[in-house]
Amino acid sequence: MESKIKNTTEYEKISLEEIYKILGTTADGLSDSEVKNRLEKFGNNEIVEKKQNSLLEFILRYWGPMPWLLEIAMGLAFALNHYFEGIIIFTLLTANAVIGQIHSNGSQKVMDLLKKRLAIKSKVFRNKKWSEVDAKGIVDGDIISIKLGDIAPADAKIISGELSIDQSSLTGESLPKETHPSDIIYSGSVVRRGEATGIVVNTGANTFFGKTAGLVKTAQPKSHQEEMMMAVVKYLIYLGIAASVLVSASALFMHLSILIMLTFIIVVLLGAIPAALPAVLTIVQSVGATELAKKGALVTRLDSVEDAASIDIICFDKTGTITQNKLSVVDSIPFPGYNVEDVLRIAALTSQSEGMDLIDLAVIEYAKKSGVNFNEYKQVTYTPFDPSVKRTEAIIEVNGKRFRAVKGAAQVIMSLCHNVDKGTLDEVNKTIDGFSRKGYRTLAVARSEGDDLNNLKLTGLLPLTDPPRPDSKDMIDQARKLSIKPMMLTGDSIDIAKEISNQIGIGNNIIRMEDIKDLSSDKQLKIVNECDGFAGIYPEDKYKIVNLLQSGGHIVGMTGDGVNDAPALKQAEMGIAVSNSTDVAKAAASVVLTESGVGVIIDAITISRQTYQRMLTWVLNKVVKVIEFVVFLSIGFFWLHNILLTLLGMTLLVFANDFVSMTLATDNVKSTSNPDQWNVKNIIVASLLPALLYVLGDIIVILIGINYFHLQWNELTSLIMLSFIFNSQFRVLIMRERKHFWSSLPGKGLLISSTSAIIGIALITLFGILIPSLNLLIILSVLGLSALFTLGIDFPKYYMFKKFGL
């Protein structure tokens with residue numbers, strides 16, 4: 001056997017004799033010893049993936065820029081005997097690690113399902129006799145037998161027999177494929193009719209099916225949430241480090257205690273690092289996922305809930321997604337002497353549902369819907385479809401008389417008929433050509449007249465197609481209203497693709513992958529941006545198209561249902577598997593629809609945009625708070641030569657601001673009519689003016705505390721903590737609305753949590769629990785000042801948000 005593995009498609013042009021030679025086998029099959037040798041050399045007929053150690057993966061979640069900084073803060077807290085604060089920091093770190101581990105699934109789930117798909121039994125000819133073995137034990141060169149209902153266990157070349165196979169989940173072709181000796185069948189194909197023997201040419205990862213699995217492993221969806229989070233962390237940490245360096249240098253110059261420097265660094269790190277961001281992100285996304293579940297969509301990758309808000313292109317698989325993946329009769333075309341019901345009746349009488357032939361089932365269903373009467377008709381004999389004669393036959397009895405009925409390939413049926421003259425033939429061919437341009441398959445129907453069963457007369461034509469889902473067109477229209485461009489990706493012919501694309505409103509600028517494969521990446525991207533879709537493509541092409549669009553700055557959604565869609569579903573920012581998808585497609589997707597129809601895709605986009613708005617509010621609130629307290633603490637240090645916020649006060653502030661605002665996950669928000677895009681620089685610049693105005697307010701509070709209330713230093717730290725926390729609760733009420741705060745009502749949960757935080761911290765300060773106490777007049781004064789100041793800040797906030805497009 002040659003050691004070099006050939007691509008499955010290469011075997012299609014090689015003769016059986018040459019293949020026997022290449023694979024080192026004969027028509028008598030392999031011996032057990034040869035099978036053993038090949039299994040040892042090439043491995044089992046399965047998908048192998050290297051598994052990562054779960055414990056190591058969890059430990060590595062404590063490794064990285066943000067964990068490092070929190071770990072430094074934790075170490076310093078313990079070194080300064082602030083054990084309570086150190087334990088809280090460790091709790092934050094561990095909570096984020098646990099949440100991340102729970103929602104980490106990678107591609108292992110996909111690989112497990114791919115291997116499960118191959119866990120079937122197969123009939124194999126070895127040692128000159130037939131036996132049944134596990135599919136994973138099949139090797140290149142094995143002789144296999146497959147029949148109706150079987151799943152092809154490996155890629156094979158047919159030796160004898162003929163099959164009708166369903167490859168829709170592999171290639172996207174909607175119509176069954178007729179295969180003959182020397183044709184190739186792919187692993188995972190379902191046999192709909194016939195029986196055949198074949199020689200295995202590729203197994204496991206080298207099959208067409210296996211290469212798709214390899215693409216699923218290769219696909220690495222880019223998390224824009226993660227990019228945004230790290231960008232926010234980076235800028236906030238830069239600010240915190242700059243303040244820490246400046247204050248530490250000043251403290252050394254003024255010969256102040258190193259304890260002050262270290263405490264300042266811990267306070268700044270605690271405040272500047274959005275420690276709760278991963279947890280908040282997960283909660284906000286989980287709420288979005290719950291809302292989607294109520295609409296009939298299960299989310300399997302949480303970050304896709306928000307990423308979908310930025311989607312500007314959705315790629316739709318045709319077969320099974322836009323269409324029903326179910327053959328249907330489009331029309332009944334009678335010829336002179338017959339009517340529509342006659343054609344349907346004769347076609348249905350030459351069909352049987354028991355054989356599960358897709359064409360027979362389509363004809364029977366259409367006849368029933370049309371109300372065809374069969375009361376006096378009886379099917380005496382039935383001959384199922386025979387690929388060698390390309391027709392189905394039946395003998396029918398009515399009123400004591402019998403006639404012969406046939407249906408099948410139009411040219412074959414017409415050659416059997418006696419009423420087809422040149423004029424009729426031209427008319428029929430013209431009609432068939434018209435159907436072909438629409439991508440329809442055409443059946444001809446005939447029956448015998450008189451006592452001669454061979455006196456066949458052409459009765460009519462039946463065009464067949466895989467029709468669009470009832471809600472596909474409306475879904476495409478809604479996508480355009482949301483400023484999203486729809487594209488079709490299909491393995492079907494270009495004629496079928498154009499017909500379906502026109503019917504649902506995508507457009508008819510459909511091209512083939514070979515039209516652009518030799519062009520540069522820039523030219524490819526330009527053409528892809530301008531076209532409405534691709535036809536005649538393979539799984540790797542769908543993956544490449546999604547990747548190409550992403551390289552051009554697009555955020556891409558992908559819908560599909562088959563094995564051939566899995567790599568593209570995994571690569572897209574939001575991969576959506578429809579309800580009738582294969583298990584592999586569902587595992588690769590980030591959203592799985594649980595009900596028929598595709599209208600929920602629009603709900604997914606709308607809810608994603610709402611999720612984005614909630615997360616944007618949290619980020620804006622956090623950025624304003626960090627700028628406020630870092631700038632103010634720095635000013636306070638140079639002004640009063642001390643730290644105006646204790647470690648405990650900072651800890652209370654983290655919980656009051658970061659964690660209470662988790663209730664933003666259920667806040668009332670509106671989705672936008674355009675894709676949302678994260679722009680971290682704009683967010684930070686737009687936050688500067690409101691933050692600096694809050695700094696001004698804090699300075700006023702300090703002046704009042706010193707000059708009016710004559711507070712001692714420890715009481716002053718309680719005053720500042722109180723001001724920060726009141727500001728944070730009022731601030732979230734104006735930050736949640738991009739316009740003026742009164743434009744929409746906040747959610748009930750947000751109001752309750754903010755009110756509870758205000759009352760709780762007021763009582764803690766009033767009774768001096770853990771911190772120095774302040775009297776009720778001071779608490780109410782700070783509360784009123786914070787509320788009035790926040791109301792005033794709403795106006796410059798509105799101006800800045802509008803100016804920077806938030």
# chains A, B, ... in the order shown; residues from 1 in each chain; ligands from 1
>>> select_by_dssp(residues="region 662-691 of chain A", states="alpha helix (DSSP H)", output="count of residues only")
12
>>> residues_around(residues="Ile627 (chain A)", least_positions_apart="5", cutoff="8 Å", atoms="only C-alpha atoms", output="PyMOL selection string")
chain A and resi 236+239+688+691-692
>>> write_last_selection(atoms="all heavy atoms", output="PDB file, in the first residue's frame")
ATOM      1  N   LEU A 236      -7.263  51.903  31.956  1.00  0.00           N
ATOM      2  CA  LEU A 236      -7.501  52.201  33.371  1.00  0.00           C
ATOM      3  C   LEU A 236      -6.259  51.913  34.202  1.00  0.00           C
ATOM      4  O   LEU A 236      -5.936  52.648  35.138  1.00  0.00           O
ATOM      5  CB  LEU A 236      -8.692  51.390  33.888  1.00  0.00           C
ATOM      6  CG  LEU A 236     -10.055  51.708  33.248  1.00  0.00           C
ATOM      7  CD1 LEU A 236     -11.155  50.886  33.897  1.00  0.00           C
ATOM      8  CD2 LEU A 236     -10.384  53.193  33.351  1.00  0.00           C
ATOM      9  N   LEU A 239      -3.670  54.603  33.819  1.00  0.00           N
ATOM     10  CA  LEU A 239      -3.995  55.747  34.673  1.00  0.00           C
ATOM     11  C   LEU A 239      -3.591  55.461  36.116  1.00  0.00           C
ATOM     12  O   LEU A 239      -2.981  56.305  36.793  1.00  0.00           O
ATOM     13  CB  LEU A 239      -5.495  56.055  34.590  1.00  0.00           C
ATOM     14  CG  LEU A 239      -6.005  57.211  35.453  1.00  0.00           C
ATOM     15  CD1 LEU A 239      -5.372  58.531  35.020  1.00  0.00           C
ATOM     16  CD2 LEU A 239      -7.531  57.317  35.372  1.00  0.00           C
ATOM     17  N   LEU A 688     -14.396  61.598  30.189  1.00  0.00           N
ATOM     18  CA  LEU A 688     -13.501  62.517  30.899  1.00  0.00           C
ATOM     19  C   LEU A 688     -14.229  63.686  31.556  1.00  0.00           C
ATOM     20  O   LEU A 688     -14.011  63.981  32.729  1.00  0.00           O
ATOM     21  CB  LEU A 688     -12.429  63.048  29.935  1.00  0.00           C
ATOM     22  CG  LEU A 688     -11.220  62.143  29.701  1.00  0.00           C
ATOM     23  CD1 LEU A 688     -10.334  62.728  28.607  1.00  0.00           C
ATOM     24  CD2 LEU A 688     -10.428  61.976  31.004  1.00  0.00           C
ATOM     25  N   ALA A 691     -16.370  62.732  34.550  1.00  0.00           N
ATOM     26  CA  ALA A 691     -15.498  62.296  35.651  1.00  0.00           C
ATOM     27  C   ALA A 691     -14.839  63.483  36.341  1.00  0.00           C
ATOM     28  O   ALA A 691     -14.788  63.553  37.584  1.00  0.00           O
ATOM     29  CB  ALA A 691     -14.427  61.342  35.106  1.00  0.00           C
ATOM     30  N   LEU A 692     -14.343  64.448  35.548  1.00  0.00           N
ATOM     31  CA  LEU A 692     -13.683  65.611  36.136  1.00  0.00           C
ATOM     32  C   LEU A 692     -14.667  66.499  36.896  1.00  0.00           C
ATOM     33  O   LEU A 692     -14.305  67.123  37.906  1.00  0.00           O
ATOM     34  CB  LEU A 692     -12.969  66.405  35.041  1.00  0.00           C
ATOM     35  CG  LEU A 692     -11.786  65.673  34.375  1.00  0.00           C
ATOM     36  CD1 LEU A 692     -11.208  66.506  33.241  1.00  0.00           C
ATOM     37  CD2 LEU A 692     -10.706  65.326  35.406  1.00  0.00           C
TER      38      LEU A 692
END
>>> select_by_dssp(residues="region 115-328 of chain A", states="strand (DSSP E or B)", output="PyMOL selection string")
chain A and resi 121-126+129-134+143-147+151+155-166+177-179+184-185+190-202+297-299+313-317+323+328
>>> atom_distance(atom1="CA of Ser187 (chain A)", atom2="CA of Phe125 (chain A)")
17.9 Å
>>> atom_distance(atom1="CA of Ala656 (chain A)", atom2="CA of Ala757 (chain A)")
6.3 Å
>>> residues_around(residues="Tyr694 (chain A)", least_positions_apart="5", cutoff="8 Å", atoms="only C-alpha atoms", output="JSON, numbers by chain")
{"A": [628, 727, 789, 790]}
>>> atom_distance(atom1="CA of Ser753 (chain A)", atom2="CA of Leu281 (chain A)")
18.0 Å
>>> residues_around(residues="Asp183 (chain A)", least_positions_apart="4", cutoff="12 Å", atoms="only C-alpha atoms", output="list in words")
Thr8, Thr9, Glu10, Tyr11, Glu12, Lys13, Ile14, Ser15, Leu16, Asp155, Ala156, Lys157, Ile158, Ile159, Ser160, Gly161, Glu162, Leu163, Ser164, Ile165, Lys177, Glu178, Thr179, Ala196, Thr197, Gly198, Ile199 and Val201 of chain A
>>> closest_residue(among="A:Phe374, A:Phe435, A:Tyr538, A:Trp130", to="Ala566 (chain A)", atoms="only C-alpha atoms")
A:Tyr538
>>> closest_atom_pairs(of="region 452-514 of chain A", to="region 593-617 of chain A", cutoff="7 Å", atoms="only C-alpha atoms", output="Markdown table")
| residue | atom | partner | partner_atom | distance |
| --- | --- | --- | --- | --- |
| A:Arg469 | CA | A:Gly597 | CA | 6.9 |
| A:Asp471 | CA | A:Gly599 | CA | 6.2 |
| A:Ser472 | CA | A:Val598 | CA | 6.5 |
| A:Met475 | CA | A:Gly599 | CA | 5.4 |
| A:Gln478 | CA | A:Ile602 | CA | 7.0 |
| A:Ala479 | CA | A:Ile602 | CA | 6.7 |
>>> closest_residue(among="A:Val546, A:Val578, A:Val191, A:Leu425", to="Gly296 (chain A)", atoms="only C-alpha atoms")
A:Val578
>>> residues_around(residues="Ile771 (chain A)", least_positions_apart="4", cutoff="8 Å", atoms="only C-alpha atoms", output="count of residues only")
4
>>> residues_around(residues="Val200 (chain A)", least_positions_apart="5", cutoff="8 Å", atoms="only C-alpha atoms", output="list in words")
Val139, Asp140, Gly141, Asp142, Ile143, Ile144, Ala154, Asp155, Ala156 and Lys157 of chain A
